[in-house]
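Participant: The following file, protein_23.csv, comprises CSV, N, CA and C atoms:
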```csv
chain,number,residue,atom,x,y,z
A,1,MET,N,207.7,110.9,91.9
A,1,MET,CA,207.9,109.5,92.1
A,1,MET,C,206.6,108.9,92.6
A,2,SER,N,206.1,108.1,91.8
A,2,SER,CA,204.9,107.4,92.2
A,2,SER,C,205.2,105.9,92.4
A,3,THR,N,204.7,105.5,93.5
A,3,THR,CA,204.9,104.1,93.8
A,3,THR,C,203.5,103.4,93.7
A,4,THR,N,203.5,102.4,93.0
A,4,THR,CA,202.3,101.6,92.8
A,4,THR,C,202.4,100.3,93.5
A,5,HIS,N,201.4,100.0,94.2
A,5,HIS,CA,201.4,98.7,94.9
A,5,HIS,C,200.7,97.7,94.1
A,6,GLN,N,201.3,96.6,93.9
A,6,GLN,CA,200.7,95.5,93.2
A,6,GLN,C,200.2,94.5,94.2
A,7,ALA,N,199.0,94.0,93.9
A,7,ALA,CA,198.4,93.0,94.8
A,7,ALA,C,199.2,91.7,94.7
A,8,GLU,N,199.4,91.1,95.8
A,8,GLU,CA,200.1,89.9,95.8
A,8,GLU,C,199.1,88.8,95.4
A,9,PRO,N,199.5,87.8,94.7
A,9,PRO,CA,198.6,86.8,94.2
A,9,PRO,C,198.0,86.0,95.4
A,10,ALA,N,196.7,85.8,95.3
A,10,ALA,CA,196.1,85.1,96.4
A,10,ALA,C,196.3,83.6,96.3
A,11,VAL,N,196.7,83.1,97.4
A,11,VAL,CA,197.0,81.7,97.5
A,11,VAL,C,195.7,81.0,98.0
A,12,THR,N,195.1,80.2,97.2
A,12,THR,CA,193.9,79.6,97.7
A,12,THR,C,194.1,78.1,97.9
A,13,THR,N,193.9,77.8,99.2
A,13,THR,CA,194.0,76.4,99.5
A,13,THR,C,192.6,75.9,99.9
A,14,PRO,N,192.3,74.7,99.5
A,14,PRO,CA,190.9,74.3,99.8
A,14,PRO,C,190.8,74.1,101.4
A,15,PRO,N,189.6,74.3,101.9
A,15,PRO,CA,189.4,74.2,103.3
A,15,PRO,C,189.6,72.7,103.7
A,16,ALA,N,189.9,72.5,104.9
A,16,ALA,CA,190.1,71.2,105.4
A,16,ALA,C,188.8,70.4,105.4
A,17,PRO,N,188.7,69.2,105.0
A,17,PRO,CA,187.4,68.5,105.0
A,17,PRO,C,187.0,68.2,106.4
A,18,GLY,N,185.8,68.5,106.6
A,18,GLY,CA,185.2,68.2,108.0
A,18,GLY,C,184.3,67.0,107.9
A,19,PRO,N,183.6,66.7,108.9
A,19,PRO,CA,182.7,65.5,108.8
A,19,PRO,C,181.6,65.8,107.8
A,20,PRO,N,181.2,64.7,107.1
A,20,PRO,CA,180.2,64.9,106.1
A,20,PRO,C,178.9,65.3,106.8
A,21,GLU,N,178.3,66.3,106.2
A,21,GLU,CA,177.0,66.8,106.7
A,21,GLU,C,175.9,65.9,106.3
A,22,THR,N,175.1,65.5,107.2
A,22,THR,CA,173.9,64.7,106.9
A,22,THR,C,172.7,65.4,107.5
A,23,ASP,N,171.6,65.3,106.8
A,23,ASP,CA,170.3,65.9,107.3
A,23,ASP,C,169.4,64.9,107.8
A,24,GLY,N,169.8,63.7,108.0
A,24,GLY,CA,168.9,62.7,108.6
A,24,GLY,C,168.1,61.9,107.6
A,25,ARG,N,168.0,62.3,106.3
A,25,ARG,CA,167.3,61.6,105.3
A,25,ARG,C,168.0,60.4,104.8
A,26,THR,N,169.3,60.4,104.9
A,26,THR,CA,170.1,59.3,104.3
A,26,THR,C,170.6,58.3,105.3
A,27,SER,N,170.4,58.6,106.6
A,27,SER,CA,170.9,57.8,107.6
A,27,SER,C,170.0,56.5,107.8
A,28,GLU,N,170.7,55.4,108.1
A,28,GLU,CA,169.9,54.2,108.3
A,28,GLU,C,169.2,54.2,109.6
A,29,ARG,N,167.9,53.9,109.5
A,29,ARG,CA,167.1,53.8,110.7
A,29,ARG,C,167.0,52.4,111.2
A,30,PRO,N,166.7,52.2,112.5
A,30,PRO,CA,166.6,50.8,113.0
A,30,PRO,C,165.3,50.1,112.4
A,31,LEU,N,165.4,48.8,112.3
A,31,LEU,CA,164.3,48.0,111.7
A,31,LEU,C,162.9,48.3,112.4
A,32,PRO,N,162.8,48.3,113.7
A,32,PRO,CA,161.5,48.6,114.3
A,32,PRO,C,160.9,50.0,113.9
A,33,ILE,N,161.8,50.9,113.8
A,33,ILE,CA,161.3,52.3,113.4
A,33,ILE,C,160.8,52.2,111.9
A,34,ARG,N,161.6,51.5,111.0
A,34,ARG,CA,161.2,51.4,109.6
A,34,ARG,C,159.9,50.7,109.5
A,35,LEU,N,159.7,49.6,110.3
A,35,LEU,CA,158.4,48.9,110.2
A,35,LEU,C,157.2,49.7,110.7
A,36,LEU,N,157.4,50.5,111.8
A,36,LEU,CA,156.3,51.3,112.3
A,36,LEU,C,156.0,52.4,111.4
A,37,ALA,N,156.8,52.8,110.5
A,37,ALA,CA,156.6,53.9,109.5
A,37,ALA,C,155.7,53.4,108.4
A,38,ARG,N,155.5,52.1,108.2
A,38,ARG,CA,154.7,51.6,107.2
A,38,ARG,C,153.2,51.5,107.6
A,39,PRO,N,152.3,52.0,106.8
A,39,PRO,CA,150.9,52.0,107.3
A,39,PRO,C,150.3,50.6,107.5
A,40,GLU,N,150.7,49.6,106.8
A,40,GLU,CA,150.2,48.3,106.9
A,40,GLU,C,150.4,47.7,108.3
A,41,VAL,N,151.6,48.1,108.9
A,41,VAL,CA,151.9,47.5,110.2
A,41,VAL,C,151.0,48.1,111.2
A,42,GLY,N,150.6,49.4,111.1
A,42,GLY,CA,149.7,50.0,112.0
A,42,GLY,C,148.3,49.4,112.0
A,43,VAL,N,147.8,49.1,110.8
A,43,VAL,CA,146.5,48.4,110.6
A,43,VAL,C,146.6,47.0,111.3
A,44,PHE,N,147.7,46.3,111.1
A,44,PHE,CA,147.8,45.0,111.6
A,44,PHE,C,147.9,45.0,113.2
A,45,LEU,N,148.6,46.0,113.7
A,45,LEU,CA,148.7,46.1,115.2
A,45,LEU,C,147.3,46.5,115.8
A,46,GLY,N,146.5,47.3,115.0
A,46,GLY,CA,145.2,47.7,115.5
A,46,GLY,C,144.3,46.5,115.5
A,47,ALA,N,144.3,45.7,114.5
A,47,ALA,CA,143.5,44.5,114.4
A,47,ALA,C,143.9,43.5,115.5
A,48,LEU,N,145.2,43.4,115.7
A,48,LEU,CA,145.7,42.5,116.8
A,48,LEU,C,145.3,42.9,118.1
A,49,ALA,N,145.3,44.2,118.4
A,49,ALA,CA,144.8,44.8,119.7
A,49,ALA,C,143.4,44.5,119.9
A,50,VAL,N,142.5,44.7,118.9
A,50,VAL,CA,141.1,44.4,119.0
A,50,VAL,C,140.9,42.9,119.3
A,51,TYR,N,141.6,42.0,118.6
A,51,TYR,CA,141.5,40.6,118.8
A,51,TYR,C,141.9,40.2,120.2
A,52,VAL,N,143.0,40.7,120.7
A,52,VAL,CA,143.5,40.4,122.0
A,52,VAL,C,142.5,40.9,123.1
A,53,PHE,N,141.9,42.1,122.9
A,53,PHE,CA,141.0,42.6,123.8
A,53,PHE,C,139.8,41.7,124.0
A,54,PHE,N,139.2,41.3,122.8
A,54,PHE,CA,138.0,40.5,122.9
A,54,PHE,C,138.3,39.1,123.3
A,55,PHE,N,139.5,38.6,123.0
A,55,PHE,CA,139.9,37.3,123.5
A,55,PHE,C,140.0,37.3,125.0
A,56,ALA,N,140.5,38.4,125.6
A,56,ALA,CA,140.6,38.4,127.1
A,56,ALA,C,139.2,38.8,127.7
A,57,ALA,N,138.4,39.6,127.1
A,57,ALA,CA,137.2,40.1,127.7
A,57,ALA,C,136.0,39.2,127.6
A,58,ALA,N,135.9,38.5,126.4
A,58,ALA,CA,134.7,37.7,126.1
A,58,ALA,C,135.2,36.2,126.0
A,59,PRO,N,134.9,35.4,126.9
A,59,PRO,CA,135.3,33.9,126.8
A,59,PRO,C,134.7,33.2,125.6
A,60,PRO,N,133.5,33.5,125.1
A,60,PRO,CA,133.0,32.8,123.9
A,60,PRO,C,133.9,33.0,122.7
A,61,VAL,N,134.6,34.1,122.6
A,61,VAL,CA,135.5,34.3,121.5
A,61,VAL,C,136.6,33.2,121.4
A,62,ARG,N,136.9,32.6,122.5
A,62,ARG,CA,138.0,31.6,122.5
A,62,ARG,C,137.5,30.3,121.8
A,63,GLU,N,136.2,30.1,121.6
A,63,GLU,CA,135.8,28.8,121.0
A,63,GLU,C,135.8,28.9,119.5
A,64,GLY,N,136.0,27.8,118.8
A,64,GLY,CA,136.1,27.8,117.4
A,64,GLY,C,134.8,28.1,116.7
A,65,ALA,N,133.7,27.5,117.2
A,65,ALA,CA,132.4,27.7,116.6
A,65,ALA,C,132.0,29.2,116.6
A,66,SER,N,132.2,29.9,117.7
A,66,SER,CA,131.9,31.3,117.8
A,66,SER,C,132.8,32.1,116.9
A,67,MET,N,134.0,31.7,116.7
A,67,MET,CA,134.9,32.4,115.8
A,67,MET,C,134.4,32.3,114.4
A,68,ALA,N,133.8,31.2,114.0
A,68,ALA,CA,133.2,31.0,112.7
A,68,ALA,C,132.0,31.9,112.5
A,69,ASN,N,131.2,32.1,113.6
A,69,ASN,CA,130.1,33.0,113.5
A,69,ASN,C,130.5,34.4,113.4
A,70,ILE,N,131.6,34.8,114.1
A,70,ILE,CA,132.1,36.2,114.0
A,70,ILE,C,132.6,36.5,112.7
A,71,LEU,N,133.4,35.5,112.1
A,71,LEU,CA,134.0,35.7,110.8
A,71,LEU,C,132.9,35.8,109.7
A,72,TYR,N,131.8,35.0,109.9
A,72,TYR,CA,130.7,35.0,108.9
A,72,TYR,C,130.0,36.3,108.9
A,73,GLY,N,129.7,36.8,110.1
A,73,GLY,CA,129.1,38.1,110.2
A,73,GLY,C,129.9,39.3,109.8
A,74,SER,N,131.2,39.2,110.0
A,74,SER,CA,132.1,40.3,109.6
A,74,SER,C,132.4,40.2,108.1
A,75,SER,N,132.2,39.1,107.5
A,75,SER,CA,132.6,39.0,106.0
A,75,SER,C,131.8,39.9,105.2
A,76,THR,N,130.5,40.1,105.5
A,76,THR,CA,129.7,41.0,104.7
A,76,THR,C,130.2,42.5,104.7
A,77,ILE,N,130.7,42.9,105.8
A,77,ILE,CA,131.3,44.2,105.9
A,77,ILE,C,132.7,44.2,105.4
A,78,GLY,N,133.4,43.2,105.7
A,78,GLY,CA,134.9,43.2,105.3
A,78,GLY,C,135.1,43.0,103.8
A,79,ILE,N,134.2,42.4,103.1
A,79,ILE,CA,134.4,42.3,101.6
A,79,ILE,C,134.5,43.6,101.0
A,80,MET,N,133.7,44.6,101.4
A,80,MET,CA,133.9,46.0,100.8
A,80,MET,C,134.8,46.9,101.6
A,81,ALA,N,134.9,46.6,102.9
A,81,ALA,CA,135.8,47.5,103.7
A,81,ALA,C,137.2,47.3,103.4
A,82,LEU,N,137.7,46.0,103.1
A,82,LEU,CA,139.1,45.8,102.9
A,82,LEU,C,139.6,46.5,101.7
A,83,PRO,N,139.0,46.5,100.5
A,83,PRO,CA,139.5,47.3,99.4
A,83,PRO,C,139.5,48.8,99.6
A,84,VAL,N,138.4,49.3,100.3
A,84,VAL,CA,138.4,50.7,100.5
A,84,VAL,C,139.5,51.1,101.5
A,85,ALA,N,139.7,50.3,102.5
A,85,ALA,CA,140.7,50.6,103.5
A,85,ALA,C,142.1,50.5,102.8
A,86,LEU,N,142.3,49.6,101.9
A,86,LEU,CA,143.6,49.5,101.2
A,86,LEU,C,143.8,50.7,100.3
A,87,LEU,N,142.7,51.2,99.7
A,87,LEU,CA,142.8,52.4,98.9
A,87,LEU,C,143.2,53.6,99.7
A,88,MET,N,142.6,53.7,100.9
A,88,MET,CA,142.8,54.9,101.8
A,88,MET,C,144.2,54.8,102.3
A,89,ILE,N,144.7,53.6,102.7
A,89,ILE,CA,146.1,53.5,103.2
A,89,ILE,C,147.1,53.8,102.1
A,90,GLY,N,146.8,53.4,100.9
A,90,GLY,CA,147.7,53.7,99.8
A,90,GLY,C,147.7,55.2,99.3
A,91,GLY,N,146.8,56.0,99.9
A,91,GLY,CA,146.8,57.4,99.5
A,91,GLY,C,145.7,57.7,98.4
A,92,GLU,N,145.1,56.7,97.9
A,92,GLU,CA,144.0,56.9,96.9
A,92,GLU,C,142.7,57.0,97.7
A,93,PHE,N,141.7,57.5,97.0
A,93,PHE,CA,140.4,57.6,97.6
A,93,PHE,C,139.4,57.3,96.5
A,94,ASP,N,138.6,56.3,96.7
A,94,ASP,CA,137.7,55.8,95.7
A,94,ASP,C,136.2,56.1,96.1
A,95,LEU,N,135.6,57.1,95.4
A,95,LEU,CA,134.2,57.4,95.7
A,95,LEU,C,133.2,56.4,95.2
A,96,SER,N,133.7,55.5,94.3
A,96,SER,CA,132.7,54.6,93.7
A,96,SER,C,132.5,53.4,94.7
A,97,ALA,N,133.1,53.4,95.8
A,97,ALA,CA,132.9,52.3,96.8
A,97,ALA,C,131.4,52.2,97.2
A,98,GLY,N,130.8,53.4,97.4
A,98,GLY,CA,129.3,53.4,97.8
A,98,GLY,C,128.5,52.8,96.7
A,99,VAL,N,128.8,53.2,95.5
A,99,VAL,CA,128.1,52.6,94.3
A,99,VAL,C,128.3,51.1,94.2
A,100,ALA,N,129.5,50.7,94.5
A,100,ALA,CA,129.7,49.2,94.4
A,100,ALA,C,129.0,48.5,95.4
A,101,VAL,N,128.8,49.0,96.6
A,101,VAL,CA,128.1,48.4,97.7
A,101,VAL,C,126.6,48.2,97.3
A,102,ILE,N,126.0,49.3,96.9
A,102,ILE,CA,124.6,49.3,96.5
A,102,ILE,C,124.4,48.4,95.3
A,103,THR,N,125.2,48.4,94.3
A,103,THR,CA,125.1,47.6,93.1
A,103,THR,C,125.2,46.1,93.5
A,104,SER,N,126.2,45.8,94.3
A,104,SER,CA,126.4,44.3,94.6
A,104,SER,C,125.2,43.9,95.5
A,105,ALA,N,124.7,44.7,96.4
A,105,ALA,CA,123.5,44.3,97.2
A,105,ALA,C,122.3,44.1,96.3
A,106,LEU,N,122.0,45.0,95.4
A,106,LEU,CA,120.9,44.9,94.5
A,106,LEU,C,121.0,43.7,93.6
A,107,THR,N,122.2,43.5,93.1
A,107,THR,CA,122.4,42.3,92.2
A,107,THR,C,122.2,41.0,93.0
A,108,ALA,N,122.7,40.9,94.2
A,108,ALA,CA,122.5,39.7,94.9
A,108,ALA,C,121.1,39.5,95.3
A,109,SER,N,120.4,40.6,95.7
A,109,SER,CA,119.0,40.4,96.1
A,109,SER,C,118.1,40.0,94.8
A,110,MET,N,118.4,40.6,93.7
A,110,MET,CA,117.6,40.3,92.5
A,110,MET,C,117.9,38.9,92.0
A,111,LEU,N,119.1,38.5,92.1
A,111,LEU,CA,119.4,37.1,91.7
A,111,LEU,C,118.8,36.1,92.6
A,112,SER,N,118.9,36.4,93.9
A,112,SER,CA,118.3,35.4,94.9
A,112,SER,C,116.8,35.4,94.8
A,113,TYR,N,116.1,36.5,94.4
A,113,TYR,CA,114.7,36.5,94.3
A,113,TYR,C,114.2,35.9,93.0
A,114,GLN,N,114.9,36.2,91.9
A,114,GLN,CA,114.5,35.7,90.6
A,114,GLN,C,114.8,34.2,90.4
A,115,LEU,N,115.9,33.8,90.9
A,115,LEU,CA,116.3,32.4,90.8
A,115,LEU,C,116.0,31.6,92.0
A,116,THR,N,115.3,32.2,92.9
A,116,THR,CA,114.9,31.5,94.2
A,116,THR,C,116.1,30.7,94.8
A,117,MET,N,117.2,31.5,95.0
A,117,MET,CA,118.4,30.9,95.6
A,117,MET,C,118.3,31.1,97.1
```
Could you quickly redo this structure as structure tokens?

Facilitator:
Amino acid sequence: MSTTHQAEPAVTTPPAPGPPETDGRTSERPLPIRLLARPEVGVFLGALAVYVFFFAAAPPVREGASMANILYGSSTIGIMALPVALLMIGGEFDLSAGVAVITSALTASMLSYQLTM
């Protein structure tokens, strides 16, 4: 007499649903945190901090005429620094910036000398 055991059919019930798992990438972050994550905001805050410092430390900065002199002097640097800074913030890096500075300086000096401007 041989008795064979047959396996009973397995009853599979789906597990009870738990709370949805999140890894933090899809959760909504507060607005100040989202703003501080942007590189442009950091640059703006740095420029604002420099302006506030000099506004408090140097009384001539508060006058309109001296602000015009400051902006005129900084424009020669800022014209090339702004595009290069934006490229670096955006993750690109442009090595031709040095060539552009020298070329524009030589072109301006040649034009002003030749045309006596």

Participant: Measure the distance from atom C of Val101 (chain A) to CA of Met80 (chain A) in Å and round it to one decimal.

Facilitator: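 About the pair atom C of Val101 (chain A) and CA of Met80 (chain A): they are 8.4 Å apart.
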
Participant: Just how far from atom C of Tyr72 (chain A) is atom C of Gly42 (chain A), in Å to one decimal?

Facilitator: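 Separation between atom C of Gly42 (chain A) and atom C of Tyr72 (chain A): 22.7 Å.
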
Participant: How far is it from CA of Ser66 (chain A) to CA of Ile79 (chain A), in Å with one decimal?

Facilitator: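 Between these atoms lies a distance of 19.7 Å.
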
Participant: Of the candidates A:Ile70, A:Leu86, A:Glu40, A:Gln6, which one gets nearest to Phe54 (chain A) if we count only C-alpha atoms?

Facilitator: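 Going through A:Ile70, A:Leu86, A:Glu40, A:Gln6 one by one, the smallest distance to Phe54 (chain A) is for A:Ile70.
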
Participant: Can you fill out region 72-83 of chain A with all heavy atoms and hand it back as a JSON list (two decimals), in the coordinates of the input?

Facilitator:
```json
[["chain", "number", "residue", "atom", "x", "y", "z"],
["A", 72, "TYR", "N", 131.80, 35.00, 109.90],
["A", 72, "TYR", "CA", 130.70, 35.00, 108.90],
["A", 72, "TYR", "C", 130.00, 36.30, 108.90],
["A", 72, "TYR", "O", 129.69, 36.90, 107.88],
["A", 72, "TYR", "CB", 129.75, 33.84, 109.17],
["A", 72, "TYR", "CG", 128.57, 33.83, 108.24],
["A", 72, "TYR", "CD1", 128.72, 33.41, 106.92],
["A", 72, "TYR", "CD2", 127.32, 34.27, 108.66],
["A", 72, "TYR", "CE1", 127.65, 33.41, 106.05],
["A", 72, "TYR", "CE2", 126.24, 34.27, 107.80],
["A", 72, "TYR", "CZ", 126.42, 33.85, 106.50],
["A", 72, "TYR", "OH", 125.35, 33.86, 105.64],
["A", 73, "GLY", "N", 129.70, 36.80, 110.10],
["A", 73, "GLY", "CA", 129.10, 38.10, 110.20],
["A", 73, "GLY", "C", 129.90, 39.30, 109.80],
["A", 73, "GLY", "O", 129.40, 40.23, 109.16],
["A", 74, "SER", "N", 131.20, 39.20, 110.00],
["A", 74, "SER", "CA", 132.10, 40.30, 109.60],
["A", 74, "SER", "C", 132.40, 40.20, 108.10],
["A", 74, "SER", "O", 132.96, 41.23, 107.57],
["A", 74, "SER", "CB", 133.32, 40.34, 110.45],
["A", 74, "SER", "OG", 134.08, 39.18, 110.23],
["A", 75, "SER", "N", 132.20, 39.10, 107.50],
["A", 75, "SER", "CA", 132.60, 39.00, 106.00],
["A", 75, "SER", "C", 131.80, 39.90, 105.20],
["A", 75, "SER", "O", 132.26, 40.47, 104.17],
["A", 75, "SER", "CB", 132.46, 37.57, 105.57],
["A", 75, "SER", "OG", 131.10, 37.19, 105.56],
["A", 76, "THR", "N", 130.50, 40.10, 105.50],
["A", 76, "THR", "CA", 129.70, 41.00, 104.70],
["A", 76, "THR", "C", 130.20, 42.50, 104.70],
["A", 76, "THR", "O", 130.08, 43.16, 103.70],
["A", 76, "THR", "CB", 128.21, 40.98, 105.16],
["A", 76, "THR", "OG1", 128.18, 41.36, 106.54],
["A", 76, "THR", "CG2", 127.62, 39.60, 105.01],
["A", 77, "ILE", "N", 130.70, 42.90, 105.80],
["A", 77, "ILE", "CA", 131.30, 44.20, 105.90],
["A", 77, "ILE", "C", 132.70, 44.20, 105.40],
["A", 77, "ILE", "O", 133.09, 45.14, 104.63],
["A", 77, "ILE", "CB", 131.26, 44.71, 107.37],
["A", 77, "ILE", "CG1", 129.83, 44.79, 107.88],
["A", 77, "ILE", "CG2", 131.95, 46.06, 107.49],
["A", 77, "ILE", "CD1", 129.72, 45.02, 109.36],
["A", 78, "GLY", "N", 133.40, 43.20, 105.70],
["A", 78, "GLY", "CA", 134.90, 43.20, 105.30],
["A", 78, "GLY", "C", 135.10, 43.00, 103.80],
["A", 78, "GLY", "O", 136.14, 43.50, 103.33],
["A", 79, "ILE", "N", 134.20, 42.40, 103.10],
["A", 79, "ILE", "CA", 134.40, 42.30, 101.60],
["A", 79, "ILE", "C", 134.50, 43.60, 101.00],
["A", 79, "ILE", "O", 135.30, 43.83, 100.05],
["A", 79, "ILE", "CB", 133.25, 41.44, 101.02],
["A", 79, "ILE", "CG1", 133.45, 39.98, 101.42],
["A", 79, "ILE", "CG2", 133.20, 41.58, 99.51],
["A", 79, "ILE", "CD1", 132.32, 39.06, 101.04],
["A", 80, "MET", "N", 133.70, 44.60, 101.40],
["A", 80, "MET", "CA", 133.90, 46.00, 100.80],
["A", 80, "MET", "C", 134.80, 46.90, 101.60],
["A", 80, "MET", "O", 135.39, 47.77, 101.09],
["A", 80, "MET", "CB", 132.48, 46.64, 100.73],
["A", 80, "MET", "CG", 131.71, 46.26, 99.51],
["A", 80, "MET", "SD", 132.63, 46.36, 97.97],
["A", 80, "MET", "CE", 132.94, 48.08, 97.83],
["A", 81, "ALA", "N", 134.90, 46.60, 102.90],
["A", 81, "ALA", "CA", 135.80, 47.50, 103.70],
["A", 81, "ALA", "C", 137.20, 47.30, 103.40],
["A", 81, "ALA", "O", 138.02, 48.22, 103.49],
["A", 81, "ALA", "CB", 135.51, 47.20, 105.23],
["A", 82, "LEU", "N", 137.70, 46.00, 103.10],
["A", 82, "LEU", "CA", 139.10, 45.80, 102.90],
["A", 82, "LEU", "C", 139.60, 46.50, 101.70],
["A", 82, "LEU", "O", 140.62, 47.24, 101.78],
["A", 82, "LEU", "CB", 139.31, 44.27, 102.73],
["A", 82, "LEU", "CG", 140.75, 43.89, 102.48],
["A", 82, "LEU", "CD1", 141.59, 44.18, 103.72],
["A", 82, "LEU", "CD2", 140.85, 42.43, 102.10],
["A", 83, "PRO", "N", 139.00, 46.50, 100.50],
["A", 83, "PRO", "CA", 139.50, 47.30, 99.40],
["A", 83, "PRO", "C", 139.50, 48.80, 99.60],
["A", 83, "PRO", "O", 140.41, 49.48, 99.22],
["A", 83, "PRO", "CB", 138.58, 46.90, 98.19],
["A", 83, "PRO", "CG", 137.82, 45.72, 98.60],
["A", 83, "PRO", "CD", 137.83, 45.65, 100.07]]
```
